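Each remark here refers to the structure printed beneath this line.
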Number of protein chains: 2
Amino acid sequence: MEVKEHTISLLVHNKPDVLARIAGTFSGRGYNIESISANVTLDPKITKINIVTVGNSATIVQIEKQLKKLVDVIDAFHVKSGSTIQREMIIVRVEVAKGDQGGIIKAIEEFGCRVLKKGSGYFILELTGDKSEVDQALTYLGTLGMKNMSRSGRVVL
Amino acid sequence: MEVKEHTISLLVHNKPDVLARIAGTFSGRGYNIESISANVTLDPKITKINIVTVGNSATIVQIEKQLKKLVDVIDAFHVKSGSTIQREMIIVRVEVAKGDQGGIIKAIEEFGCRVLKKGSGYFILELTGDKSEVDQALTYLGTLGMKNMSRSGRVVL
């Protein structure tokens with residue numbers, strides 16, 4: 001069966017134990033959480049959690065069913081691509097020699113990076129996009145002298 | 001002792017069990033994870049996790065010590081504001097009556113929102129900023145007819 005990336009979204013009550021139970025549901029089947037993003041919704045008592053994992057579709061359906069049964073989980077659903085917006089954010093530090101800023105300009109113009117901070121010999125850049133856009137930008141930034149990178153989980157609407 | 005918001009960053013081996021153990025360390029002390037953001041670093045075998053929690057500083061120091069001792073945790077540290085960049089991303093759906101787009105223009109010009117999609121009677125907007133900028137924008141967007149909102153955890157560099 002085809003192994004591929006899946007996004008699972010959950011709405012949960014904002015309680016201390018719920019994340020440990022959810023993470024345990026994945027690890028109990030040997031499934032790794034590739035990325036996670038969670039924060040409160042418009043109702044501060046309810047948190048939305050987005051988890052990206054890699055596996056076969058049949059197991060994902062079983063995980064989804066198990067998640068729905070957990071205490072304090074209001075809903076869990078497998079996010080289908082196409083009908084939703086799924087985006088990630090990265091912040092990177094790129095070191096550049098003085099006078100050699102053409103690469104940074106390309107990062108801004110071609111990849112949509114935004115400059116958060118500029119110091120002596122370095123730039124801090126931010127980018128948002130879907131997974132493919134972020135991956136392509138990271139490949140390019142890797143050629144520039146990227147020294148540090150922090151990547152969000154996935155935000156799904 | 002003063003109860004306030006704290007950000008904890010961890011570098012961990014990208015293994016199935018590690019998130020459940022980390023979440024359990026917080027919930028074992030009754031500490032809620034307000035938001036979480038985790039994704040791979042430049043080394044795909046290593047994941048960076050950023051957790052925001054609310055509590056007193058003495059307990060946070062104890063949690064930090066416990067986290068450092070967990071299997072597959074490479075490092076855990078309490079992020080001090082000032083020396084780091086800490087940003088969040090939101091995606092919102094705002095419904096507007098035809099011809100009434102002044103509010104959207106203000107969201108773009110004053111709060112820095114970006115239009116991801118525009119449909120009949122609605123806009124999908126994205127915003128990145130620090131917690132205070134995002135909170136202020138959300139307060140404003142709430143007056144516009146915001147119907148749905150998804151918020152990332154915190155990205156720390």
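Here, A, B, ... name the chains of the structure tokens in the order displayed, residue numbers run from 1 inside each chain, and ligands are numbered from 1 in the same displayed order.
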Could I have chain A as a PDB file with C-alpha atoms, in the first residue's frame after it is superimposed on chain B by least squares, pairing all C-alpha atoms in sequence order?
ATOM      1  CA  MET A   1       5.359  34.005  42.445  1.00  0.00           C
ATOM      2  CA  GLU A   2       4.553  35.677  39.164  1.00  0.00           C
ATOM      3  CA  VAL A   3       2.668  33.530  36.684  1.00  0.00           C
ATOM      4  CA  LYS A   4       3.441  34.436  33.080  1.00  0.00           C
ATOM      5  CA  GLU A   5       4.019  33.068  29.597  1.00  0.00           C
ATOM      6  CA  HIS A   6       7.211  31.120  28.846  1.00  0.00           C
ATOM      7  CA  THR A   7       8.631  29.697  25.625  1.00  0.00           C
ATOM      8  CA  ILE A   8      10.636  26.463  25.795  1.00  0.00           C
ATOM      9  CA  SER A   9      12.624  25.271  22.774  1.00  0.00           C
ATOM     10  CA  LEU A  10      13.844  21.710  22.373  1.00  0.00           C
ATOM     11  CA  LEU A  11      16.082  19.938  19.904  1.00  0.00           C
ATOM     12  CA  VAL A  12      15.141  16.252  19.710  1.00  0.00           C
ATOM     13  CA  HIS A  13      15.864  13.164  17.659  1.00  0.00           C
ATOM     14  CA  ASN A  14      13.065  12.700  15.127  1.00  0.00           C
ATOM     15  CA  LYS A  15      11.592   9.540  16.775  1.00  0.00           C
ATOM     16  CA  PRO A  16       7.957   8.486  17.354  1.00  0.00           C
ATOM     17  CA  ASP A  17       7.918   8.478  21.170  1.00  0.00           C
ATOM     18  CA  VAL A  18       9.614  11.747  21.983  1.00  0.00           C
ATOM     19  CA  LEU A  19       6.640  14.129  21.669  1.00  0.00           C
ATOM     20  CA  ALA A  20       4.451  11.976  23.950  1.00  0.00           C
ATOM     21  CA  ARG A  21       7.179  12.037  26.625  1.00  0.00           C
ATOM     22  CA  ILE A  22       7.615  15.799  26.329  1.00  0.00           C
ATOM     23  CA  ALA A  23       3.865  16.487  26.484  1.00  0.00           C
ATOM     24  CA  GLY A  24       3.644  14.152  29.494  1.00  0.00           C
ATOM     25  CA  THR A  25       6.341  16.145  31.303  1.00  0.00           C
ATOM     26  CA  PHE A  26       4.168  19.266  31.120  1.00  0.00           C
ATOM     27  CA  SER A  27       0.843  17.572  31.906  1.00  0.00           C
ATOM     28  CA  GLY A  28       2.417  15.615  34.789  1.00  0.00           C
ATOM     29  CA  ARG A  29       2.808  18.950  36.575  1.00  0.00           C
ATOM     30  CA  GLY A  30      -0.604  20.151  35.476  1.00  0.00           C
ATOM     31  CA  TYR A  31       0.966  22.567  33.010  1.00  0.00           C
ATOM     32  CA  ASN A  32      -0.996  23.221  29.865  1.00  0.00           C
ATOM     33  CA  ILE A  33       0.736  23.576  26.497  1.00  0.00           C
ATOM     34  CA  GLU A  34      -0.785  26.800  25.140  1.00  0.00           C
ATOM     35  CA  SER A  35       0.782  26.365  21.720  1.00  0.00           C
ATOM     36  CA  ILE A  36       3.309  24.126  20.043  1.00  0.00           C
ATOM     37  CA  SER A  37       5.220  24.239  16.793  1.00  0.00           C
ATOM     38  CA  ALA A  38       7.549  21.485  15.635  1.00  0.00           C
ATOM     39  CA  ASN A  39       9.263  20.587  12.401  1.00  0.00           C
ATOM     40  CA  VAL A  40      12.587  19.255  11.171  1.00  0.00           C
ATOM     41  CA  THR A  41      15.720  21.376  11.228  1.00  0.00           C
ATOM     42  CA  LEU A  42      18.365  21.593   8.493  1.00  0.00           C
ATOM     43  CA  ASP A  43      19.328  18.093   9.680  1.00  0.00           C
ATOM     44  CA  PRO A  44      16.195  16.001   8.920  1.00  0.00           C
ATOM     45  CA  LYS A  45      17.042  13.582  11.761  1.00  0.00           C
ATOM     46  CA  ILE A  46      16.664  16.427  14.279  1.00  0.00           C
ATOM     47  CA  THR A  47      13.397  18.220  15.075  1.00  0.00           C
ATOM     48  CA  LYS A  48      13.020  21.596  16.788  1.00  0.00           C
ATOM     49  CA  ILE A  49       9.993  21.944  19.065  1.00  0.00           C
ATOM     50  CA  ASN A  50       8.788  25.256  20.509  1.00  0.00           C
ATOM     51  CA  ILE A  51       6.286  25.131  23.348  1.00  0.00           C
ATOM     52  CA  VAL A  52       4.486  28.065  24.967  1.00  0.00           C
ATOM     53  CA  THR A  53       3.162  27.511  28.470  1.00  0.00           C
ATOM     54  CA  VAL A  54       1.983  29.675  31.345  1.00  0.00           C
ATOM     55  CA  GLY A  55       3.334  29.291  34.867  1.00  0.00           C
ATOM     56  CA  ASN A  56       5.776  30.472  37.474  1.00  0.00           C
ATOM     57  CA  SER A  57       9.475  30.706  36.680  1.00  0.00           C
ATOM     58  CA  ALA A  58      10.608  28.224  39.360  1.00  0.00           C
ATOM     59  CA  THR A  59       8.424  25.439  37.945  1.00  0.00           C
ATOM     60  CA  ILE A  60       9.566  26.240  34.404  1.00  0.00           C
ATOM     61  CA  VAL A  61      13.180  25.730  35.513  1.00  0.00           C
ATOM     62  CA  GLN A  62      12.205  22.308  36.918  1.00  0.00           C
ATOM     63  CA  ILE A  63      10.375  21.356  33.714  1.00  0.00           C
ATOM     64  CA  GLU A  64      13.410  22.440  31.673  1.00  0.00           C
ATOM     65  CA  LYS A  65      15.664  20.182  33.797  1.00  0.00           C
ATOM     66  CA  GLN A  66      13.279  17.232  33.440  1.00  0.00           C
ATOM     67  CA  LEU A  67      13.039  17.726  29.667  1.00  0.00           C
ATOM     68  CA  LYS A  68      16.840  17.674  29.313  1.00  0.00           C
ATOM     69  CA  LYS A  69      16.893  14.198  30.903  1.00  0.00           C
ATOM     70  CA  LEU A  70      14.357  12.614  28.515  1.00  0.00           C
ATOM     71  CA  VAL A  71      15.482   9.990  26.030  1.00  0.00           C
ATOM     72  CA  ASP A  72      15.988  11.491  22.532  1.00  0.00           C
ATOM     73  CA  VAL A  73      15.992  15.070  23.841  1.00  0.00           C
ATOM     74  CA  ILE A  74      19.278  16.654  22.733  1.00  0.00           C
ATOM     75  CA  ASP A  75      18.708  20.000  24.429  1.00  0.00           C
ATOM     76  CA  ALA A  76      15.951  22.034  26.064  1.00  0.00           C
ATOM     77  CA  PHE A  77      16.171  25.695  26.925  1.00  0.00           C
ATOM     78  CA  HIS A  78      14.023  28.501  28.193  1.00  0.00           C
ATOM     79  CA  VAL A  79      13.885  31.149  25.455  1.00  0.00           C
ATOM     80  CA  LYS A  80      14.562  34.645  26.734  1.00  0.00           C
ATOM     81  CA  SER A  81      12.712  37.366  24.885  1.00  0.00           C
ATOM     82  CA  GLY A  82      14.900  40.059  23.399  1.00  0.00           C
ATOM     83  CA  SER A  83      17.711  37.896  22.076  1.00  0.00           C
ATOM     84  CA  THR A  84      15.478  35.860  19.775  1.00  0.00           C
ATOM     85  CA  ILE A  85      12.921  36.280  17.024  1.00  0.00           C
ATOM     86  CA  GLN A  86       9.565  34.707  17.975  1.00  0.00           C
ATOM     87  CA  ARG A  87       6.807  34.854  15.400  1.00  0.00           C
ATOM     88  CA  GLU A  88       3.449  33.269  14.696  1.00  0.00           C
ATOM     89  CA  MET A  89       1.300  32.923  11.574  1.00  0.00           C
ATOM     90  CA  ILE A  90      -2.468  33.170  11.287  1.00  0.00           C
ATOM     91  CA  ILE A  91      -4.784  32.422   8.384  1.00  0.00           C
ATOM     92  CA  VAL A  92      -8.307  33.844   8.642  1.00  0.00           C
ATOM     93  CA  ARG A  93     -11.471  33.849   6.606  1.00  0.00           C
ATOM     94  CA  VAL A  94     -13.283  37.194   6.665  1.00  0.00           C
ATOM     95  CA  GLU A  95     -16.738  37.595   5.150  1.00  0.00           C
ATOM     96  CA  VAL A  96     -17.567  40.994   3.703  1.00  0.00           C
ATOM     97  CA  ALA A  97     -20.587  42.415   1.977  1.00  0.00           C
ATOM     98  CA  LYS A  98     -20.046  43.466  -1.637  1.00  0.00           C
ATOM     99  CA  GLY A  99     -18.731  46.990  -1.926  1.00  0.00           C
ATOM    100  CA  ASP A 100     -17.670  47.014   1.722  1.00  0.00           C
ATOM    101  CA  GLN A 101     -13.979  46.340   1.319  1.00  0.00           C
ATOM    102  CA  GLY A 102     -12.571  49.280   3.295  1.00  0.00           C
ATOM    103  CA  GLY A 103     -12.045  47.034   6.298  1.00  0.00           C
ATOM    104  CA  ILE A 104      -9.963  44.597   4.265  1.00  0.00           C
ATOM    105  CA  ILE A 105      -7.812  47.435   2.923  1.00  0.00           C
ATOM    106  CA  LYS A 106      -7.158  48.593   6.505  1.00  0.00           C
ATOM    107  CA  ALA A 107      -6.224  45.010   7.466  1.00  0.00           C
ATOM    108  CA  ILE A 108      -3.667  45.017   4.647  1.00  0.00           C
ATOM    109  CA  GLU A 109      -2.290  48.528   5.097  1.00  0.00           C
ATOM    110  CA  GLU A 110      -2.305  48.898   8.887  1.00  0.00           C
ATOM    111  CA  PHE A 111      -1.862  45.334  10.079  1.00  0.00           C
ATOM    112  CA  GLY A 112       0.187  43.850   7.212  1.00  0.00           C
ATOM    113  CA  CYS A 113      -2.300  41.129   6.235  1.00  0.00           C
ATOM    114  CA  ARG A 114      -1.710  39.424   2.873  1.00  0.00           C
ATOM    115  CA  VAL A 115      -4.557  38.233   0.652  1.00  0.00           C
ATOM    116  CA  LEU A 116      -4.237  34.494  -0.093  1.00  0.00           C
ATOM    117  CA  LYS A 117      -7.597  34.100  -1.797  1.00  0.00           C
ATOM    118  CA  LYS A 118     -10.598  36.232  -2.678  1.00  0.00           C
ATOM    119  CA  GLY A 119     -14.003  34.769  -3.417  1.00  0.00           C
ATOM    120  CA  SER A 120     -17.583  35.887  -3.644  1.00  0.00           C
ATOM    121  CA  GLY A 121     -18.166  37.680  -0.340  1.00  0.00           C
ATOM    122  CA  TYR A 122     -15.021  36.514   1.431  1.00  0.00           C
ATOM    123  CA  PHE A 123     -11.279  36.994   1.750  1.00  0.00           C
ATOM    124  CA  ILE A 124      -8.676  34.554   3.073  1.00  0.00           C
ATOM    125  CA  LEU A 125      -5.925  36.583   4.743  1.00  0.00           C
ATOM    126  CA  GLU A 126      -2.543  35.591   6.149  1.00  0.00           C
ATOM    127  CA  LEU A 127      -0.507  37.462   8.717  1.00  0.00           C
ATOM    128  CA  THR A 128       2.835  36.857  10.426  1.00  0.00           C
ATOM    129  CA  GLY A 129       4.154  38.792  13.388  1.00  0.00           C
ATOM    130  CA  ASP A 130       5.072  38.577  17.036  1.00  0.00           C
ATOM    131  CA  LYS A 131       2.381  37.592  19.534  1.00  0.00           C
ATOM    132  CA  SER A 132       1.394  41.170  20.245  1.00  0.00           C
ATOM    133  CA  GLU A 133       1.072  42.091  16.537  1.00  0.00           C
ATOM    134  CA  VAL A 134      -0.993  38.975  15.853  1.00  0.00           C
ATOM    135  CA  ASP A 135      -3.243  39.595  18.868  1.00  0.00           C
ATOM    136  CA  GLN A 136      -3.862  43.211  17.809  1.00  0.00           C
ATOM    137  CA  ALA A 137      -4.698  42.166  14.242  1.00  0.00           C
ATOM    138  CA  LEU A 138      -7.089  39.478  15.531  1.00  0.00           C
ATOM    139  CA  THR A 139      -8.907  42.035  17.671  1.00  0.00           C
ATOM    140  CA  TYR A 140      -9.359  44.203  14.592  1.00  0.00           C
ATOM    141  CA  LEU A 141     -10.307  41.294  12.292  1.00  0.00           C
ATOM    142  CA  GLY A 142     -12.913  40.256  14.864  1.00  0.00           C
ATOM    143  CA  THR A 143     -14.749  43.502  14.145  1.00  0.00           C
ATOM    144  CA  LEU A 144     -14.809  42.729  10.396  1.00  0.00           C
ATOM    145  CA  GLY A 145     -16.713  39.449  10.276  1.00  0.00           C
ATOM    146  CA  MET A 146     -13.967  36.870  10.803  1.00  0.00           C
ATOM    147  CA  LYS A 147     -15.588  33.433  10.481  1.00  0.00           C
ATOM    148  CA  ASN A 148     -12.649  31.096  10.874  1.00  0.00           C
ATOM    149  CA  MET A 149      -9.063  31.367  12.116  1.00  0.00           C
ATOM    150  CA  SER A 150      -6.110  29.029  12.279  1.00  0.00           C
ATOM    151  CA  ARG A 151      -2.993  30.004  14.262  1.00  0.00           C
ATOM    152  CA  SER A 152       0.433  28.395  14.196  1.00  0.00           C
ATOM    153  CA  GLY A 153       2.530  27.737  17.225  1.00  0.00           C
ATOM    154  CA  ARG A 154       5.563  29.928  17.731  1.00  0.00           C
ATOM    155  CA  VAL A 155       8.581  29.862  15.411  1.00  0.00           C
ATOM    156  CA  VAL A 156      11.774  30.794  17.232  1.00  0.00           C
ATOM    157  CA  LEU A 157      15.140  31.697  15.729  1.00  0.00           C
TER     158      LEU A 157
END
Output as a ChimeraX atom specification all residues of chain B that backbone DSSP marks as helix (DSSP H, G or I). /B:18-27,57-69,102-111,131-142
